Structures are given as structure tokens and as C-alpha cells.
Amino acid sequence: MVFHWRFSGHFMRVLGIETSCDETGVAVYDSDKGLLGDMLHSQIALHAEYGGVVPELASRDHVRKLIPLIDALLKQCGLQCGDLDGIAYTQGPGLVGALLVGAATGRSLAWSLDIPAIGVHHMEGHLLAPLLEESQPEFPFLALLVSGGHTQLVEVKRIGDYSLLGESLDDAAGEAFDKTAKMLGLAYPGGPELSRLAQQGDPLRFRFPRPMTNRPGLDFSFSGLKTFALTTWQQAERQDDQLRADICRAFEDAVIDTLVIKCRRAVKQTGITRLVMAGGVSANSQLRQHIDEALEKLGGRAFYPRPEFCTDNGAMIAYAGWQRLQAGQHEGAGFQVTPRWPMSELQAVEGRSEW
């Protein structure tokens, strides 16, 4: 339950904690000076031998790493716990065990310091990450969220006031990248490796389908594209490195074209020409280039977070938490995590329709 509280000081320092999956992220956001510092511990090496995230191992690693990471961050920022004015942690969506580590730590620390705490929606964190940059979009804007587990097009009227325009009906774009890479025998995590190989591929050798672009609507579907890539690999007379690169190129081109087509369609449908793109896949340089070109032709502009804030991080949680805390929202002594949490259930932040 979200309560309302007013911070009486002139500025606020918020500690952000992100533990939704396989990365432990912490950051401190200062309402006067901006982002003071952030740190990230990745579990890639831990999960690599299994070819994917093992939830129990992820939770245990968060337990080991979170407190030392917070201590190191505060030392780097020249702060002590008593200098914090609020704490934000990822409440969901995500792996329930991993979420519980961050929620329990954040809420306990807030209780011991007698400061407010707030649970943050992971995807709202991604959506607001571009607002940490100097160049920020005005409201309203569209958001293309392309993380490992989500592909969504959202109309953003103000913070907390979101309308879902379309989403993936099966595999998200990031999942499709990783699963296709694994089927092609690429190392974990496969998405970035697939994109790297795609640069060496022949763009004319294969043309994969652009799923769900021949029908109206803004939903996505990438599961069939993944199967198409596997079939192309299995039916080839000769399987070699060049074939693998050519399939990667065809797959990436198909995903990018599909995302761009849907974004163009959303701009024409809503009349909104400002687009935020965030989430792990938003770091893809080819995708950014095509989105930029599409928005420019429509008289609009795209906005992105810096590459290190595309993947899960504490900075986006600290910033999203600050937006809600400064508006008077916070939680009671208890806490909860929400592994499945539609953004439509979020409460709007009053009085934040412009910067």
C-alpha cells in the first residue's frame, strides 16, 4: 500500500536498489546534483555454465553482494547512511527470490534510518532512464521498452499515467535474441554476441519474415522468427561460421524492421512524435540508427539512456523512486514484491506533467 508523505527539506538523496534478476545494482540520486554514483555487479559468469539464469543462484548472489555494494557506493560518494533521505527498491516484475533480497534490505535499512521507502516498478525504471540524461523529452511521449523479458509500446502522458499500446504475445525481443543465439551455439549471454556476428553477415543472403506487420495493431510476436532462424540453420547443406553470421544478420534485421514498423505505426496512430527507447535491446546500435531515421522522417526525435543504463541498474530505480518520494508517496513498515505487475496498476504522480 502506498501512503503519502511530504519531504520538508530542500533536496533529497535517494538510494536505489535493483535486484530483479541477475544484476545487483545500486545508485544514489540527489535532487540537487543529479546522479552521485552507481555500481553494478553482474552475475553473467555465475550463470554462464547453465546457459541461462538460475533463480536460486541469483537470489543467493544478491544476498552476498548487495550490502558490500551499498557500503562501497556510499564510500565512493563520500556519504554515510545517515545522509540518505529515502530508499527505492525494485518491487517487480522479476524473480521473486531476487526481488525479496532487494525489498527486504531496502525496507529494513529505511526503517533503521527512519526514512521513507518506496517499491519501484522495474519497467517504469527503464522507461524513465532516459530522463537521467541532459536531453529529455517533453510529455506526452511514446516509449518502446525492449528488455530481456518485455517488449512494449507505451503512451506516457505523465509519470505513472501509462497506456499500453502493444506488447509481445510470446517471446520478447530480448528473449528471442538470447534463445536464437543459444540455438546457434553462441556463448551466454547470446544477444550481444548475435549482434556482433550480425555485423559480419551478408544482408542479402536471407530475408526473414517481419512478424505481425501485415496486420493492424501494435502487438509483437518473435517466437516464430526464432523458429525460422533455427530451421534455416538446420536445413543448410553446410553449417559454418559464415552461415551463422548470415543468419544472425537476417534475424537482427527482421527484429529491427519489425520494431521500427510498429513505432512508426504508433506515431501515426497517436500523433506523438517523441519516442523514448529503453531496456537492454535499446543499446543495439543498428536499432538506434533505424529508429532515429524513422523518427526524423516523421518530424520527431528519439531519446535513449546511456548504454550502461540500458540494462538493469540502480540509477533508474533511484531516479524513479525519487520522483515518487518527492511527490509524497511512500510505504508503511511492511513490504511486498510483485513478480507479475502490469504498469497500468501504477498510481500517477501528481503535479509532474512537465520538468
# chains A, B, ... in the order shown; residues from 1 in each chain; ligands from 1
>>> residues_around(residues="Arg324 of chain A", least_positions_apart="4", cutoff="9 Å", atoms="only C-alpha atoms", output="ChimeraX atom specification")
/A:118,120,159,319-320,328-330,348-349
>>> write_last_selection(atoms="N, CA, C and O atoms", output="PDB file, in the first residue's frame")
ATOM      1  N   ILE A 118      10.166   3.243  -0.935  1.00  0.00           N
ATOM      2  CA  ILE A 118       9.155   3.056  -1.978  1.00  0.00           C
ATOM      3  C   ILE A 118       9.563   1.894  -2.876  1.00  0.00           C
ATOM      4  O   ILE A 118      10.735   1.763  -3.238  1.00  0.00           O
ATOM      5  N   VAL A 120       9.550   0.234  -6.481  1.00  0.00           N
ATOM      6  CA  VAL A 120       9.524   0.781  -7.833  1.00  0.00           C
ATOM      7  C   VAL A 120       9.230  -0.323  -8.841  1.00  0.00           C
ATOM      8  O   VAL A 120       9.716  -1.446  -8.711  1.00  0.00           O
ATOM      9  N   ILE A 159       4.326  10.899 -15.484  1.00  0.00           N
ATOM     10  CA  ILE A 159       4.878   9.797 -14.709  1.00  0.00           C
ATOM     11  C   ILE A 159       3.763   9.059 -13.987  1.00  0.00           C
ATOM     12  O   ILE A 159       2.982   9.646 -13.240  1.00  0.00           O
ATOM     13  N   TYR A 319      16.185   7.069  -9.490  1.00  0.00           N
ATOM     14  CA  TYR A 319      15.503   8.207 -10.110  1.00  0.00           C
ATOM     15  C   TYR A 319      13.988   8.036 -10.072  1.00  0.00           C
ATOM     16  O   TYR A 319      13.254   8.964  -9.696  1.00  0.00           O
ATOM     17  N   ALA A 320      13.505   6.861 -10.447  1.00  0.00           N
ATOM     18  CA  ALA A 320      12.059   6.619 -10.418  1.00  0.00           C
ATOM     19  C   ALA A 320      11.529   6.719  -8.993  1.00  0.00           C
ATOM     20  O   ALA A 320      10.444   7.265  -8.755  1.00  0.00           O
ATOM     21  N   GLY A 328       5.393  12.651  -2.441  1.00  0.00           N
ATOM     22  CA  GLY A 328       4.721  12.307  -1.197  1.00  0.00           C
ATOM     23  C   GLY A 328       4.327  10.857  -1.061  1.00  0.00           C
ATOM     24  O   GLY A 328       3.686  10.481  -0.083  1.00  0.00           O
ATOM     25  N   GLN A 329       4.700  10.007  -2.016  1.00  0.00           N
ATOM     26  CA  GLN A 329       4.348   8.588  -1.927  1.00  0.00           C
ATOM     27  C   GLN A 329       5.433   7.823  -1.159  1.00  0.00           C
ATOM     28  O   GLN A 329       6.618   8.061  -1.351  1.00  0.00           O
ATOM     29  N   HIS A 330       5.012   6.929  -0.291  1.00  0.00           N
ATOM     30  CA  HIS A 330       5.941   6.008   0.354  1.00  0.00           C
ATOM     31  C   HIS A 330       5.129   4.876   0.939  1.00  0.00           C
ATOM     32  O   HIS A 330       3.899   4.840   0.812  1.00  0.00           O
ATOM     33  N   ALA A 348      -0.504   7.503 -10.720  1.00  0.00           N
ATOM     34  CA  ALA A 348       0.107   8.665 -11.353  1.00  0.00           C
ATOM     35  C   ALA A 348       0.750   9.558 -10.303  1.00  0.00           C
ATOM     36  O   ALA A 348       0.279   9.644  -9.172  1.00  0.00           O
ATOM     37  N   VAL A 349       1.826  10.213 -10.692  1.00  0.00           N
ATOM     38  CA  VAL A 349       2.495  11.193  -9.827  1.00  0.00           C
ATOM     39  C   VAL A 349       1.887  12.550 -10.096  1.00  0.00           C
ATOM     40  O   VAL A 349       2.038  13.099 -11.200  1.00  0.00           O
TER      41      VAL A 349
END
>>> residues_around(residues="Ala27 of chain A", least_positions_apart="2", cutoff="12 Å", atoms="only C-alpha atoms", output="PyMOL selection string")
chain A and resi 13-18+24-25+29-30+34-41+66+69-77+79+84+87-89+309+312-322
>>> residues_around(residues="Pro209 of chain A", least_positions_apart="6", cutoff="10 Å", atoms="only C-alpha atoms", output="number ranges by chain")
A: 224-225, 228, 250-251, 253-255, 257-258
>>> residues_around(residues="Val276 of chain A", least_positions_apart="4", cutoff="8 Å", atoms="only C-alpha atoms", output="PyMOL selection string")
chain A and resi 127+130+137+141-144+302-304
>>> select_by_dssp(residues="segment 58-169 of chain A", states="helix (DSSP H, G or I)", output="ChimeraX atom specification")
/A:58-77,81-83,96-113,122-132
>>> write_last_selection(atoms="N, CA and C atoms", output="compact mmCIF listing (two decimals), in the first residue's frame")
# COMPACT_ATOMS: atom_id res chain seq x y z
N ALA A 58 20.81 -16.85 -8.38
CA ALA A 58 20.71 -15.39 -8.49
C ALA A 58 20.38 -14.77 -7.13
N SER A 59 19.40 -15.35 -6.43
CA SER A 59 19.00 -14.81 -5.13
C SER A 59 20.14 -14.86 -4.13
N ARG A 60 20.84 -15.99 -4.09
CA ARG A 60 21.95 -16.14 -3.13
C ARG A 60 23.07 -15.15 -3.42
N ASP A 61 23.31 -14.90 -4.70
CA ASP A 61 24.38 -13.96 -5.04
C ASP A 61 24.00 -12.53 -4.67
N HIS A 62 22.72 -12.17 -4.83
CA HIS A 62 22.27 -10.86 -4.37
C HIS A 62 22.50 -10.70 -2.87
N VAL A 63 22.21 -11.76 -2.11
CA VAL A 63 22.41 -11.72 -0.66
C VAL A 63 23.88 -11.45 -0.33
N ARG A 64 24.77 -12.10 -1.06
CA ARG A 64 26.21 -11.93 -0.80
C ARG A 64 26.72 -10.55 -1.19
N LYS A 65 26.20 -10.01 -2.28
CA LYS A 65 26.82 -8.83 -2.87
C LYS A 65 26.15 -7.50 -2.51
N LEU A 66 24.88 -7.49 -2.12
CA LEU A 66 24.15 -6.23 -2.01
C LEU A 66 24.69 -5.30 -0.94
N ILE A 67 24.84 -5.78 0.30
CA ILE A 67 25.31 -4.91 1.38
C ILE A 67 26.72 -4.39 1.12
N PRO A 68 27.68 -5.24 0.72
CA PRO A 68 29.02 -4.71 0.40
C PRO A 68 28.98 -3.68 -0.73
N LEU A 69 28.08 -3.87 -1.69
CA LEU A 69 28.00 -2.93 -2.80
C LEU A 69 27.46 -1.58 -2.32
N ILE A 70 26.47 -1.61 -1.44
CA ILE A 70 25.94 -0.35 -0.88
C ILE A 70 27.02 0.37 -0.09
N ASP A 71 27.76 -0.38 0.73
CA ASP A 71 28.86 0.23 1.50
C ASP A 71 29.89 0.88 0.59
N ALA A 72 30.26 0.17 -0.49
CA ALA A 72 31.26 0.71 -1.42
C ALA A 72 30.73 1.95 -2.13
N LEU A 73 29.46 1.93 -2.49
CA LEU A 73 28.86 3.08 -3.18
C LEU A 73 28.86 4.31 -2.29
N LEU A 74 28.41 4.15 -1.05
CA LEU A 74 28.36 5.29 -0.14
C LEU A 74 29.76 5.86 0.10
N LYS A 75 30.74 4.98 0.22
CA LYS A 75 32.12 5.44 0.40
C LYS A 75 32.58 6.21 -0.82
N GLN A 76 32.25 5.71 -2.02
CA GLN A 76 32.63 6.39 -3.26
C GLN A 76 31.99 7.77 -3.35
N CYS A 77 30.76 7.90 -2.87
CA CYS A 77 30.04 9.17 -2.93
C CYS A 77 30.39 10.10 -1.78
N CYS A 81 25.22 6.40 5.77
CA CYS A 81 23.81 6.02 5.71
C CYS A 81 22.91 7.15 6.19
N GLY A 82 23.36 7.88 7.20
CA GLY A 82 22.56 8.97 7.75
C GLY A 82 22.35 10.13 6.80
N ASP A 83 23.09 10.16 5.69
CA ASP A 83 22.93 11.23 4.71
C ASP A 83 21.81 10.94 3.72
N VAL A 96 11.00 -13.76 -7.99
CA VAL A 96 10.50 -13.45 -6.64
C VAL A 96 11.61 -13.49 -5.59
N GLY A 97 12.50 -14.47 -5.64
CA GLY A 97 13.57 -14.55 -4.65
C GLY A 97 14.53 -13.38 -4.75
N ALA A 98 14.89 -13.02 -5.96
CA ALA A 98 15.80 -11.90 -6.18
C ALA A 98 15.16 -10.59 -5.72
N LEU A 99 13.89 -10.41 -6.04
CA LEU A 99 13.19 -9.20 -5.61
C LEU A 99 13.14 -9.09 -4.09
N LEU A 100 12.92 -10.21 -3.42
CA LEU A 100 12.82 -10.20 -1.96
C LEU A 100 14.11 -9.73 -1.30
N VAL A 101 15.25 -10.05 -1.90
CA VAL A 101 16.53 -9.62 -1.32
C VAL A 101 16.61 -8.09 -1.29
N GLY A 102 16.32 -7.46 -2.44
CA GLY A 102 16.39 -6.01 -2.50
C GLY A 102 15.33 -5.33 -1.67
N ALA A 103 14.10 -5.90 -1.68
CA ALA A 103 13.00 -5.29 -0.93
C ALA A 103 13.25 -5.37 0.57
N ALA A 104 13.67 -6.53 1.05
CA ALA A 104 13.92 -6.70 2.48
C ALA A 104 15.07 -5.81 2.95
N THR A 105 16.12 -5.74 2.14
CA THR A 105 17.27 -4.91 2.50
C THR A 105 16.89 -3.43 2.50
N GLY A 106 16.22 -3.00 1.44
CA GLY A 106 15.86 -1.59 1.34
C GLY A 106 14.89 -1.15 2.41
N ARG A 107 13.86 -1.98 2.66
CA ARG A 107 12.86 -1.60 3.66
C ARG A 107 13.45 -1.63 5.07
N SER A 108 14.31 -2.59 5.36
CA SER A 108 14.93 -2.68 6.68
C SER A 108 15.86 -1.51 6.93
N LEU A 109 16.63 -1.15 5.91
CA LEU A 109 17.55 -0.02 6.06
C LEU A 109 16.76 1.27 6.26
N ALA A 110 15.68 1.44 5.51
CA ALA A 110 14.85 2.64 5.68
C ALA A 110 14.24 2.70 7.07
N TRP A 111 13.78 1.57 7.59
CA TRP A 111 13.20 1.53 8.92
C TRP A 111 14.25 1.90 9.97
N SER A 112 15.47 1.38 9.83
CA SER A 112 16.51 1.67 10.82
C SER A 112 16.94 3.12 10.79
N LEU A 113 16.83 3.78 9.64
CA LEU A 113 17.23 5.18 9.49
C LEU A 113 16.06 6.14 9.68
N HIS A 122 9.92 -2.13 -12.10
CA HIS A 122 11.15 -2.29 -12.87
C HIS A 122 11.05 -1.63 -14.25
N MET A 123 9.93 -1.82 -14.94
CA MET A 123 9.79 -1.27 -16.28
C MET A 123 9.60 0.25 -16.26
N GLU A 124 9.01 0.78 -15.18
CA GLU A 124 8.96 2.23 -15.06
C GLU A 124 10.36 2.78 -14.91
N GLY A 125 11.22 2.04 -14.20
CA GLY A 125 12.62 2.45 -14.10
C GLY A 125 13.26 2.56 -15.47
N HIS A 126 13.07 1.53 -16.31
CA HIS A 126 13.61 1.58 -17.67
C HIS A 126 13.02 2.74 -18.45
N LEU A 127 11.72 2.92 -18.33
CA LEU A 127 11.02 3.96 -19.07
C LEU A 127 11.56 5.35 -18.73
N LEU A 128 11.92 5.56 -17.47
CA LEU A 128 12.39 6.87 -17.03
C LEU A 128 13.90 7.05 -17.13
N ALA A 129 14.64 5.96 -17.45
CA ALA A 129 16.10 6.04 -17.50
C ALA A 129 16.61 7.12 -18.45
N PRO A 130 15.97 7.34 -19.63
CA PRO A 130 16.47 8.42 -20.50
C PRO A 130 16.36 9.81 -19.87
N LEU A 131 15.54 9.94 -18.83
CA LEU A 131 15.37 11.25 -18.19
C LEU A 131 16.54 11.58 -17.26
N LEU A 132 17.47 10.64 -17.12
CA LEU A 132 18.71 10.93 -16.39
C LEU A 132 19.70 11.69 -17.26
>>> select_by_dssp(residues="segment 128-349 of chain A", states="strand (DSSP E or B)", output="MDAnalysis selection string")
chainID A and resid 141:146 151:158 161:168 220 274:278 301:303 329:331
>>> write_last_selection(atoms="C-alpha atoms", output="CSV table (one decimal), in the first residue's frame")
chain,number,residue,atom,x,y,z
A,141,PHE,CA,5.8,10.8,-25.4
A,142,LEU,CA,5.9,7.2,-26.6
A,143,ALA,CA,8.1,4.6,-25.1
A,144,LEU,CA,9.4,1.4,-26.7
A,145,LEU,CA,10.6,-0.9,-23.9
A,146,VAL,CA,12.8,-3.7,-25.1
A,151,THR,CA,8.6,-5.7,-25.4
A,152,GLN,CA,6.0,-3.0,-25.0
A,153,LEU,CA,4.9,0.2,-26.7
A,154,VAL,CA,3.5,2.6,-24.2
A,155,GLU,CA,1.9,6.1,-24.3
A,156,VAL,CA,3.3,8.2,-21.5
A,157,LYS,CA,1.1,11.1,-20.5
A,158,ARG,CA,3.0,11.8,-17.3
A,161,ASP,CA,0.0,7.6,-16.3
A,162,TYR,CA,0.7,5.0,-18.9
A,163,SER,CA,-1.4,3.4,-21.7
A,164,LEU,CA,-0.2,0.1,-23.1
A,165,LEU,CA,-0.5,0.3,-26.9
A,166,GLY,CA,1.0,-3.0,-27.7
A,167,GLU,CA,3.2,-5.8,-26.3
A,168,SER,CA,4.8,-9.1,-27.2
A,220,PHE,CA,4.6,-8.1,-31.3
A,274,ARG,CA,8.7,12.0,-29.3
A,275,LEU,CA,9.9,8.4,-28.6
A,276,VAL,CA,11.8,7.0,-25.7
A,277,MET,CA,13.6,3.7,-26.2
A,278,ALA,CA,14.9,1.8,-23.2
A,301,ARG,CA,13.0,12.6,-32.3
A,302,ALA,CA,14.1,9.5,-30.3
A,303,PHE,CA,15.6,9.6,-26.8
A,329,GLN,CA,4.3,8.6,-1.9
A,330,HIS,CA,5.9,6.0,0.4
A,331,GLU,CA,5.1,2.7,2.0
>>> closest_residue(among="A:Gly78, A:Pro216, A:Pro55, A:Gly279", to="Pro307 of chain A", atoms="only C-alpha atoms")
A:Gly279
>>> atom_distance(atom1="atom CA of Gly148 of chain A", atom2="atom CA of Glu175 of chain A")
5.3 Å
>>> atom_distance(atom1="atom CA of Thr90 of chain A", atom2="atom CA of Gly119 of chain A")
5.6 Å
